[in-house]
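Participant: Next comes work25.txt, compact mmCIF, C-alpha atoms:
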```
# COMPACT_ATOMS: atom_id res chain seq x y z
CA MET A 55 0.00 0.00 0.00
CA ASN A 56 1.12 3.57 -0.64
CA PRO A 57 2.27 4.99 2.72
CA ALA A 58 0.99 8.48 3.52
CA PRO A 59 3.66 10.48 5.41
CA SER A 60 1.07 11.57 7.97
CA VAL A 61 0.28 7.94 8.83
CA ILE A 62 3.97 7.15 9.29
CA VAL A 63 4.46 10.14 11.59
CA PHE A 64 1.24 9.41 13.48
CA SER A 65 1.85 5.73 14.17
CA SER A 66 5.54 6.25 15.00
CA LEU A 67 5.30 9.26 17.31
CA THR A 68 2.16 8.22 19.20
CA GLY A 69 3.70 4.82 19.93
CA LEU A 70 6.80 6.40 21.42
CA GLY A 71 4.82 9.07 23.28
CA PHE A 72 2.32 6.72 24.86
CA GLY A 73 5.11 4.24 25.58
CA LEU A 74 7.03 6.87 27.55
CA LEU A 75 3.88 8.02 29.39
CA ALA A 76 3.11 4.41 30.32
CA TRP A 77 6.54 3.97 31.96
CA LEU A 78 6.19 7.29 33.76
CA GLY A 79 2.80 6.18 35.03
CA LEU A 80 4.46 3.14 36.55
CA GLY A 81 6.99 5.36 38.28
CA ILE A 82 9.81 4.49 35.91
CA PRO A 83 11.82 6.64 36.32
CA ASP A 84 10.73 7.98 39.70
CA VAL A 85 11.01 11.70 38.87
CA THR A 86 9.41 14.81 40.30
CA GLY A 87 9.73 18.55 39.79
CA ALA A 88 11.61 19.90 36.78
CA ALA A 89 12.81 16.48 35.65
CA ALA A 90 9.23 15.18 35.65
CA PHE A 91 8.07 18.26 33.73
CA LEU A 92 10.61 17.65 30.96
CA MET A 93 9.78 13.96 30.65
CA TYR A 94 6.01 14.45 30.65
CA ALA A 95 6.38 17.32 28.19
CA LEU A 96 8.31 14.98 25.87
CA GLY A 97 5.70 12.23 26.22
CA TYR A 98 2.77 14.56 25.63
CA GLY A 99 4.60 16.29 22.77
CA LEU A 100 5.17 13.03 20.92
CA ALA A 101 1.65 11.71 21.55
CA LEU A 102 -0.11 14.94 20.63
CA GLY A 103 2.18 15.55 17.67
CA GLY A 104 1.36 12.12 16.30
CA LEU A 105 -2.38 12.55 16.85
CA LEU A 106 -2.28 15.91 15.11
CA ALA A 107 -0.43 14.38 12.16
CA SER A 108 -3.18 11.77 11.82
CA THR A 109 -5.68 14.45 10.81
CA PHE A 110 -3.65 15.34 7.71
CA HIS A 111 -4.59 12.17 5.84
CA LEU A 112 -8.27 13.04 6.14
CA GLY A 113 -9.90 14.68 3.15
CA ASN A 114 -11.42 17.18 5.58
CA PRO A 115 -9.51 17.41 8.90
CA GLY A 116 -12.67 18.80 10.47
CA ASN A 117 -14.16 15.31 10.18
CA ALA A 118 -11.73 14.07 12.85
CA ARG A 119 -14.45 14.63 15.47
CA LYS A 120 -16.55 11.94 13.77
CA ALA A 121 -13.90 9.38 14.68
CA PHE A 122 -15.34 9.29 18.21
CA SER A 123 -18.84 8.22 17.19
CA GLN A 124 -18.36 4.63 15.98
CA TRP A 125 -16.76 3.01 19.01
CA ARG A 126 -19.04 -0.05 18.89
CA THR A 127 -17.63 -1.27 15.60
CA SER A 128 -14.54 0.75 14.73
CA TRP A 129 -11.06 0.25 16.16
CA LEU A 130 -10.16 3.71 14.89
CA SER A 131 -12.96 5.20 16.99
CA ARG A 132 -11.85 3.18 20.03
CA GLU A 133 -8.32 4.43 19.50
CA ALA A 134 -9.49 8.06 19.40
CA ILE A 135 -11.49 7.68 22.61
CA LEU A 136 -8.74 5.82 24.46
CA ALA A 137 -6.09 8.31 23.33
CA VAL A 138 -8.05 11.21 24.81
CA ALA A 139 -8.87 9.20 27.94
CA ALA A 140 -5.21 8.24 28.45
CA LEU A 141 -4.01 11.83 28.13
CA LEU A 142 -6.70 13.05 30.54
CA ILE A 143 -5.95 10.33 33.13
CA VAL A 144 -2.20 10.92 32.98
CA ALA A 145 -2.60 14.71 33.28
CA PRO A 146 -3.48 14.93 37.03
CA TYR A 147 -0.84 12.30 37.84
CA ALA A 148 1.74 14.35 35.93
CA PHE A 149 0.58 17.53 37.68
CA GLY A 150 1.09 15.90 41.06
CA ARG A 151 4.52 14.66 40.10
CA VAL A 152 5.63 18.02 38.75
CA PHE A 153 4.12 20.46 41.24
CA LEU A 154 3.17 18.48 44.38
CA GLY A 155 6.09 16.11 44.73
CA GLY A 156 3.96 13.02 44.16
CA ALA A 157 0.62 11.54 43.12
CA PRO A 158 -1.44 8.40 43.89
CA ALA A 159 0.28 5.38 42.39
CA GLU A 160 -3.06 3.87 41.40
CA LEU A 161 -3.76 6.83 39.14
CA GLY A 162 -0.42 6.32 37.44
CA TRP A 163 -1.13 2.62 36.91
CA LEU A 164 -4.51 3.43 35.37
CA GLY A 165 -2.88 5.97 33.06
CA ALA A 166 -0.22 3.46 32.03
CA LEU A 167 -2.91 0.87 31.24
CA ALA A 168 -4.82 3.41 29.14
CA CYS A 169 -1.64 4.32 27.23
CA VAL A 170 -0.85 0.68 26.42
CA ALA A 171 -4.50 0.08 25.43
CA THR A 172 -4.31 3.05 23.06
CA VAL A 173 -1.29 1.57 21.24
CA PHE A 174 -3.11 -1.78 21.05
CA THR A 175 -6.16 -0.18 19.41
CA THR A 176 -3.89 1.56 16.90
CA ALA A 177 -2.43 -1.82 15.94
CA MET A 178 -5.88 -3.39 15.68
CA ILE A 179 -6.92 -0.84 13.05
CA TYR A 180 -4.56 -2.74 10.75
CA ALA A 181 -4.65 -6.23 12.26
CA GLN A 182 -8.43 -6.48 11.71
CA LEU A 183 -8.11 -6.04 7.93
CA LYS A 184 -8.42 -9.52 6.44
CA THR A 185 -8.08 -7.92 3.01
CA VAL A 186 -4.42 -7.15 3.86
CA PRO A 187 -3.02 -10.58 4.83
CA ARG A 188 0.39 -9.25 5.95
CA TRP A 189 -1.30 -7.19 8.66
CA SER A 190 -3.97 -9.67 9.67
CA THR A 191 -1.89 -11.64 12.20
CA PRO A 192 -1.28 -11.49 15.98
CA MET A 193 2.21 -10.21 15.17
CA THR A 194 0.85 -6.77 14.30
CA PRO A 195 -0.27 -5.76 17.83
CA VAL A 196 2.83 -7.41 19.33
CA LEU A 197 5.01 -5.37 16.94
CA PHE A 198 3.28 -2.07 17.74
CA LEU A 199 3.41 -2.71 21.48
CA GLY A 200 7.05 -3.78 21.23
CA TYR A 201 8.04 -0.53 19.57
CA ALA A 202 6.02 1.48 22.11
CA VAL A 203 7.40 -0.08 25.30
CA GLY A 204 10.92 -0.54 23.93
CA GLY A 205 11.17 2.98 22.58
CA GLY A 206 9.44 4.32 25.69
CA ALA A 207 12.00 2.65 27.94
CA LEU A 208 14.77 4.17 25.85
CA LEU A 209 13.23 7.64 26.15
CA ALA A 210 12.83 7.07 29.88
CA GLY A 211 16.59 6.52 30.16
CA GLN A 212 16.24 2.93 31.39
CA ALA A 213 19.28 1.30 29.82
CA THR A 214 18.81 -2.22 31.22
CA LEU A 215 15.09 -2.32 30.56
CA ALA A 216 15.53 -0.88 27.07
CA THR A 217 18.23 -3.45 26.26
CA ILE A 218 15.93 -6.36 27.12
CA LEU A 219 12.92 -4.91 25.33
CA LEU A 220 14.81 -3.88 22.19
CA ALA A 221 16.38 -7.33 21.93
CA PHE A 222 12.88 -8.84 22.18
CA LEU A 223 11.63 -6.32 19.61
CA GLY A 224 14.38 -7.36 17.22
CA VAL A 225 13.19 -10.97 17.36
CA VAL A 226 9.58 -9.88 16.86
CA GLN A 227 10.47 -7.66 13.90
CA LEU A 228 12.39 -10.43 12.16
CA GLY A 229 9.51 -12.81 12.84
CA ALA A 230 6.97 -10.32 11.47
CA TRP A 231 8.94 -9.93 8.25
CA THR A 232 9.34 -13.69 7.83
CA LEU A 233 5.67 -14.41 8.51
CA GLY A 234 4.52 -11.45 6.44
CA ASP A 235 6.45 -12.49 3.33
CA ALA A 236 4.54 -15.77 3.14
CA ARG A 237 1.24 -14.50 4.46
CA PHE A 238 -0.46 -13.59 1.15
CA ALA A 239 0.22 -17.02 -0.31
CA ASP A 240 -0.77 -18.76 2.94
CA VAL A 241 -4.30 -17.30 2.97
CA GLY A 242 -4.87 -18.68 -0.54
CA SER A 243 -6.16 -15.53 -2.22
CA THR A 244 -5.92 -15.84 -6.00
CA LEU A 245 -7.62 -14.42 -9.08
CA GLU A 246 -9.91 -17.46 -8.93
CA THR A 247 -11.04 -16.74 -5.37
CA ALA A 248 -11.25 -13.00 -6.07
CA THR A 249 -13.62 -13.48 -9.02
CA GLY A 250 -15.45 -16.49 -7.62
CA LEU A 251 -14.86 -18.39 -10.88
CA GLY A 252 -12.41 -20.96 -9.55
CA ALA A 253 -15.00 -23.75 -9.73
CA ILE A 254 -14.94 -23.69 -13.53
CA GLY A 255 -11.17 -23.66 -13.92
CA SER A 256 -8.21 -21.32 -13.93
CA VAL A 257 -8.84 -17.63 -14.54
CA ARG A 258 -6.75 -15.18 -16.51
CA GLN A 259 -7.23 -11.55 -17.42
CA LEU A 260 -8.05 -10.60 -20.98
CA GLU A 261 -7.10 -7.02 -20.19
CA ALA A 262 -6.75 -4.69 -17.22
CA PRO A 263 -9.95 -3.36 -15.60
CA HIS A 264 -8.93 0.21 -16.52
CA SER A 265 -7.06 1.74 -19.41
CA GLY A 266 -5.16 4.08 -17.07
CA THR A 267 -4.15 4.41 -13.47
CA ASN A 268 -6.70 5.02 -10.71
CA TYR A 269 -6.97 5.39 -6.94
CA LEU A 270 -6.87 1.62 -6.31
CA LEU A 271 -3.70 1.16 -8.31
CA THR A 272 -2.04 4.15 -6.68
CA GLU A 273 -3.01 3.38 -3.08
CA MET A 274 -3.94 -0.30 -2.76
CA ALA A 275 -1.70 -1.92 -5.40
CA TYR A 276 1.43 0.06 -4.59
CA GLN A 277 4.55 -2.05 -5.07
CA ILE A 278 8.07 -1.65 -3.75
CA GLY A 279 11.00 -3.41 -5.42
CA ARG A 280 12.39 -6.37 -3.50
CA LYS A 281 15.91 -4.93 -3.68
CA HIS A 282 14.77 -1.66 -2.10
CA ALA A 283 12.73 -3.48 0.55
CA VAL A 284 15.77 -5.48 1.65
CA LYS A 285 17.90 -2.33 1.88
CA LEU A 286 15.26 -0.56 3.96
CA ARG A 287 14.88 -3.60 6.23
CA ILE A 288 18.61 -3.54 6.91
CA ILE A 289 18.56 0.21 7.55
CA GLY A 290 15.47 -0.03 9.75
CA PHE A 291 16.78 -2.93 11.83
CA LEU A 292 20.23 -1.38 12.14
CA PHE A 293 18.93 1.97 13.42
CA ALA A 294 15.88 0.83 15.39
CA ILE A 295 17.49 -2.16 17.12
CA ALA A 296 21.18 -2.84 16.53
CA LEU A 297 22.72 0.62 16.98
CA PRO A 298 20.72 1.50 20.13
CA LEU A 299 21.70 -1.86 21.64
CA LEU A 300 25.35 -1.26 20.73
CA ILE A 301 25.26 2.21 22.26
CA LEU A 302 23.60 0.93 25.45
CA GLN A 303 26.12 -1.88 25.87
CA ALA A 304 29.38 -0.39 24.60
CA THR A 305 29.29 3.16 25.97
CA PRO A 306 29.57 4.58 29.50
CA GLY A 307 26.01 5.88 29.37
CA GLY A 308 24.95 9.40 30.17
CA LEU A 309 22.52 11.83 28.60
CA LEU A 310 24.36 12.36 25.33
CA TRP A 311 24.74 8.65 24.62
CA MET A 312 21.09 7.99 25.48
CA ALA A 313 20.04 10.87 23.21
CA LEU A 314 22.08 9.34 20.37
CA ALA A 315 20.43 5.97 20.96
CA VAL A 316 16.99 7.62 20.86
CA VAL A 317 17.77 9.45 17.60
CA CYS A 318 19.00 6.22 15.99
CA HIS A 319 15.91 4.38 17.18
CA LEU A 320 13.58 7.04 15.82
CA VAL A 321 15.23 6.88 12.38
CA GLY A 322 14.80 3.12 12.39
CA VAL A 323 11.18 3.35 13.52
CA PHE A 324 10.33 5.61 10.57
CA ALA A 325 12.03 3.19 8.15
CA THR A 326 10.36 0.04 9.50
CA ARG A 327 6.98 1.73 9.78
CA TRP A 328 7.22 2.91 6.16
CA LEU A 329 7.91 -0.69 5.15
CA PHE A 330 4.99 -1.88 7.29
CA PHE A 331 2.69 -0.03 4.91
CA ALA A 332 4.66 -0.22 1.65
CA GLU A 333 5.04 -4.02 1.73
CA ALA A 334 1.38 -4.65 2.53
CA LYS A 335 -0.59 -6.11 -0.37
CA HIS A 336 -4.35 -5.57 -0.58
CA VAL A 337 -6.30 -8.40 -2.20
CA VAL A 338 -7.89 -5.90 -4.63
CA ALA A 339 -4.52 -5.93 -6.43
CA LEU A 340 -5.43 -9.40 -7.73
CA TYR A 341 -7.92 -7.82 -10.14
CA TYR A 342 -5.01 -5.93 -11.70
CA GLY A 343 -2.67 -8.87 -11.97
CA LYS A 344 -0.40 -7.46 -9.28
```
Would it be possible to restate this file's structure as structure tokens?
Facilitator:
Amino acid sequence: MNPAPSVIVFSSLTGLGFGLLAWLGLGIPDVTGAAAFLMYALGYGLALGGLLASTFHLGNPGNARKAFSQWRTSWLSREAILAVAALLIVAPYAFGRVFLGGAPAELGWLGALACVATVFTTAMIYAQLKTVPRWSTPMTPVLFLGYAVGGGALLAGQATLATILLAFLGVVQLGAWTLGDARFADVGSTLETATGLGAIGSVRQLEAPHSGTNYLLTEMAYQIGRKHAVKLRIIGFLFAIALPLLILQATPGGLLWMALAVVCHLVGVFATRWLFFAEAKHVVALYYGK
């Protein structure tokens, strides 16, 4: 599928922002005063920046308010509601930490749960789509949550925790790529199943459904060359996983080294998230012989 820049920014930044807020809600790190202000400002900045970016892939950004109305059936609507709820729950806890020297731990735990639930609902927007086999697996929510808690731990300055979580994320990412590459073939979608004519024999196209390009070809049948995909996978894995782990293990630590690890991770997140969309194949592409 053709990745919209706003979707890449949205899904990457909100994951990191809510991941950091979740750790802060658990008291990791146990900060108050100015230090707490800076960390909560970073978490809120990433989360709100990502949510704002999500409105730019709407035809009319004013329609964003309608996202809250379909919570019974829509994961996108559930995500919108939970995102607002998480930010509102975390706010008084953050206020207490910044200005009062503390806040009820239970409120922080509730905020952390809401933040993690928000990331899960974001992942389910894609995991529910049976028409995109690469996404429609349990690996999708695990991948999104892995990036959120791993990146959040890195932003929180928790070297040991981040090392464990990033190593786990590396395994999950490799597994997601391996499973995803075979997923379209595994579900058995073909031109015969797409047209419903398989019972009478093999099906082939006489000609394309359209004489020129259209929205479906541009957005749903977008293709990335295998050579480019491999290069981007290497770049994404190197920056999101390998380099941060190397920095955490081979350097003396400190703010500058942690900042470098965070920057590397963010570059890798953008690369892997772009691939998450670009490598996804929608079954509608079968009608075009893609």
Participant: Please determine the residues with any atom at most 6 Å from (-0.1, 7.9, 14.0) (coordinates as given in the file, with only C-alpha atoms counting) and report them as a PDB file with C-alpha atoms, keeping the file's coordinate frame.
Facilitator:
```pdb
ATOM      1  CA  VAL A  61       0.280   7.940   8.830  1.00  0.00           C
ATOM      2  CA  VAL A  63       4.460  10.140  11.590  1.00  0.00           C
ATOM      3  CA  PHE A  64       1.240   9.410  13.480  1.00  0.00           C
ATOM      4  CA  SER A  65       1.850   5.730  14.170  1.00  0.00           C
ATOM      5  CA  SER A  66       5.540   6.250  15.000  1.00  0.00           C
ATOM      6  CA  THR A  68       2.160   8.220  19.200  1.00  0.00           C
ATOM      7  CA  GLY A 104       1.360  12.120  16.300  1.00  0.00           C
ATOM      8  CA  LEU A 105      -2.380  12.550  16.850  1.00  0.00           C
ATOM      9  CA  SER A 108      -3.180  11.770  11.820  1.00  0.00           C
TER      10      SER A 108
END
```
Participant: Counting all atoms listed in the file, what is within 9 Å of Phe91 of chain A, bar same-chain residues fewer than 2 positions away, as a PyMOL selection string?
Facilitator: chain A and resi 85-89+93-96+148-149+151-153
Participant: Generate the output file for the selected residues, C-alpha atoms, as a JSON list (two decimals), in the frame of the given file.
Facilitator:
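Writing the result to selection.json gives the following:
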```
[["chain", "number", "residue", "atom", "x", "y", "z"],
["A", 85, "VAL", "CA", 11.01, 11.70, 38.87],
["A", 86, "THR", "CA", 9.41, 14.81, 40.30],
["A", 87, "GLY", "CA", 9.73, 18.55, 39.79],
["A", 88, "ALA", "CA", 11.61, 19.90, 36.78],
["A", 89, "ALA", "CA", 12.81, 16.48, 35.65],
["A", 93, "MET", "CA", 9.78, 13.96, 30.65],
["A", 94, "TYR", "CA", 6.01, 14.45, 30.65],
["A", 95, "ALA", "CA", 6.38, 17.32, 28.19],
["A", 96, "LEU", "CA", 8.31, 14.98, 25.87],
["A", 148, "ALA", "CA", 1.74, 14.35, 35.93],
["A", 149, "PHE", "CA", 0.58, 17.53, 37.68],
["A", 151, "ARG", "CA", 4.52, 14.66, 40.10],
["A", 152, "VAL", "CA", 5.63, 18.02, 38.75],
["A", 153, "PHE", "CA", 4.12, 20.46, 41.24]]
```
Participant: Using only C-alpha atoms and a cutoff of 12 Å, can you tell me which residues are near (6.2, -2.1, 17.9) in the file's coordinates, and write them out as a VMD selection string?
Facilitator: chain A and resid 65 to 70 72 to 73 170 173 to 174 176 to 177 193 to 206 219 to 220 222 to 228 230 294 to 295 319 to 320 322 to 324 326 to 327 330
Participant: Go ahead and compute the interatomic distance for atom CA of Leu329 of chain A and atom CA of His111 of chain A, in Å to one decimal.
Facilitator: 17.9 Å
Participant: Measure the distance from atom CA of Gly211 of chain A to atom CA of Ile301 of chain A in Å and round it to one decimal.
Facilitator: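 Taking atom CA of Gly211 of chain A as the start and atom CA of Ile301 of chain A as the end point, the length is 12.5 Å.
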Participant: Could you check which of A:Met312, A:Pro158, A:Val241, A:Leu102 is closest to Ala207 of chain A, using all atoms listed in the file?
Facilitator: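 Between A:Met312, A:Pro158, A:Val241, A:Leu102, the residue approaching Ala207 of chain A most closely is A:Met312.
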Participant: Please provide the set of residues having any atom within 8 Å of Tyr98 of chain A, restricted to all atoms listed in the file, with same-chain residues fewer than 6 positions apart removed, written as a PDB file with C-alpha atoms, keeping the file's coordinate frame.
Facilitator:
```pdb
ATOM      1  CA  GLY A  71       4.820   9.070  23.280  1.00  0.00           C
ATOM      2  CA  PHE A  72       2.320   6.720  24.860  1.00  0.00           C
ATOM      3  CA  LEU A  75       3.880   8.020  29.390  1.00  0.00           C
ATOM      4  CA  LEU A 141      -4.010  11.830  28.130  1.00  0.00           C
TER       5      LEU A 141
END
```
Participant: Which value, in Å to one decimal, gives the distance between atom CA of Ala140 of chain A and atom CA of Cys169 of chain A?
Facilitator: 5.4 Å
Participant: List the neighbours of segment 130-136 of chain A out to 7 Å using only C-alpha atoms; skip same-chain residues closer than 3 positions along the sequence, and give me the result as a short mmCIF file (atom, residue, chain, number, x, y, z; two decimals) with C-alpha atoms, keeping the file's coordinate frame.
Facilitator:
```
data_model
loop_
_atom_site.label_atom_id
_atom_site.label_comp_id
_atom_site.auth_asym_id
_atom_site.auth_seq_id
_atom_site.Cartn_x
_atom_site.Cartn_y
_atom_site.Cartn_z
CA ALA A 121 -13.90 9.38 14.68
CA PHE A 122 -15.34 9.29 18.21
CA SER A 123 -18.84 8.22 17.19
CA GLN A 124 -18.36 4.63 15.98
CA TRP A 125 -16.76 3.01 19.01
CA ALA A 139 -8.87 9.20 27.94
CA ALA A 140 -5.21 8.24 28.45
CA ALA A 168 -4.82 3.41 29.14
CA THR A 172 -4.31 3.05 23.06
CA THR A 175 -6.16 -0.18 19.41
CA THR A 176 -3.89 1.56 16.90
CA ILE A 179 -6.92 -0.84 13.05
#
```
Participant: Considering all atoms listed in the file, can you say which of A:Ala159, A:Leu309, A:Val186, A:Ala236 comes closest to Gly81 of chain A?
Facilitator: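 Distance minimum relative to Gly81 of chain A lands on A:Ala159.
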Participant: Quick one: of A:Leu167, A:Pro59, A:Gly79, A:Pro146, who's nearest to Ala107 of chain A, counting only C-alpha atoms?
Facilitator: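 Going through A:Leu167, A:Pro59, A:Gly79, A:Pro146 one by one, the smallest distance to Ala107 of chain A is for A:Pro59.
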Participant: Env of Pro57 of chain A: 10 Å cut, atoms = all atoms listed in the file, seq-sep filter 5 positions within chain, self excluded. Answer as a compact mmCIF listing (two decimals) with C-alpha atoms, in the frame of the given file.
Facilitator:
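The resulting file, selection20.txt, is shown below:
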```txt
# COMPACT_ATOMS: atom_id res chain seq x y z
CA ILE A 62 3.97 7.15 9.29
CA GLU A 273 -3.01 3.38 -3.08
CA MET A 274 -3.94 -0.30 -2.76
CA TYR A 276 1.43 0.06 -4.59
CA ARG A 327 6.98 1.73 9.78
CA TRP A 328 7.22 2.91 6.16
CA LEU A 329 7.91 -0.69 5.15
CA PHE A 330 4.99 -1.88 7.29
CA PHE A 331 2.69 -0.03 4.91
CA ALA A 332 4.66 -0.22 1.65
CA GLU A 333 5.04 -4.02 1.73
CA ALA A 334 1.38 -4.65 2.53
```
Participant: My list of candidates is A:Asn56, A:Leu340, A:Asp235, A:Val317. Which is closest to Ile278 of chain A when distances are computed with only C-alpha atoms?
Facilitator: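 For Ile278 of chain A, the nearest of the candidates is A:Asn56.
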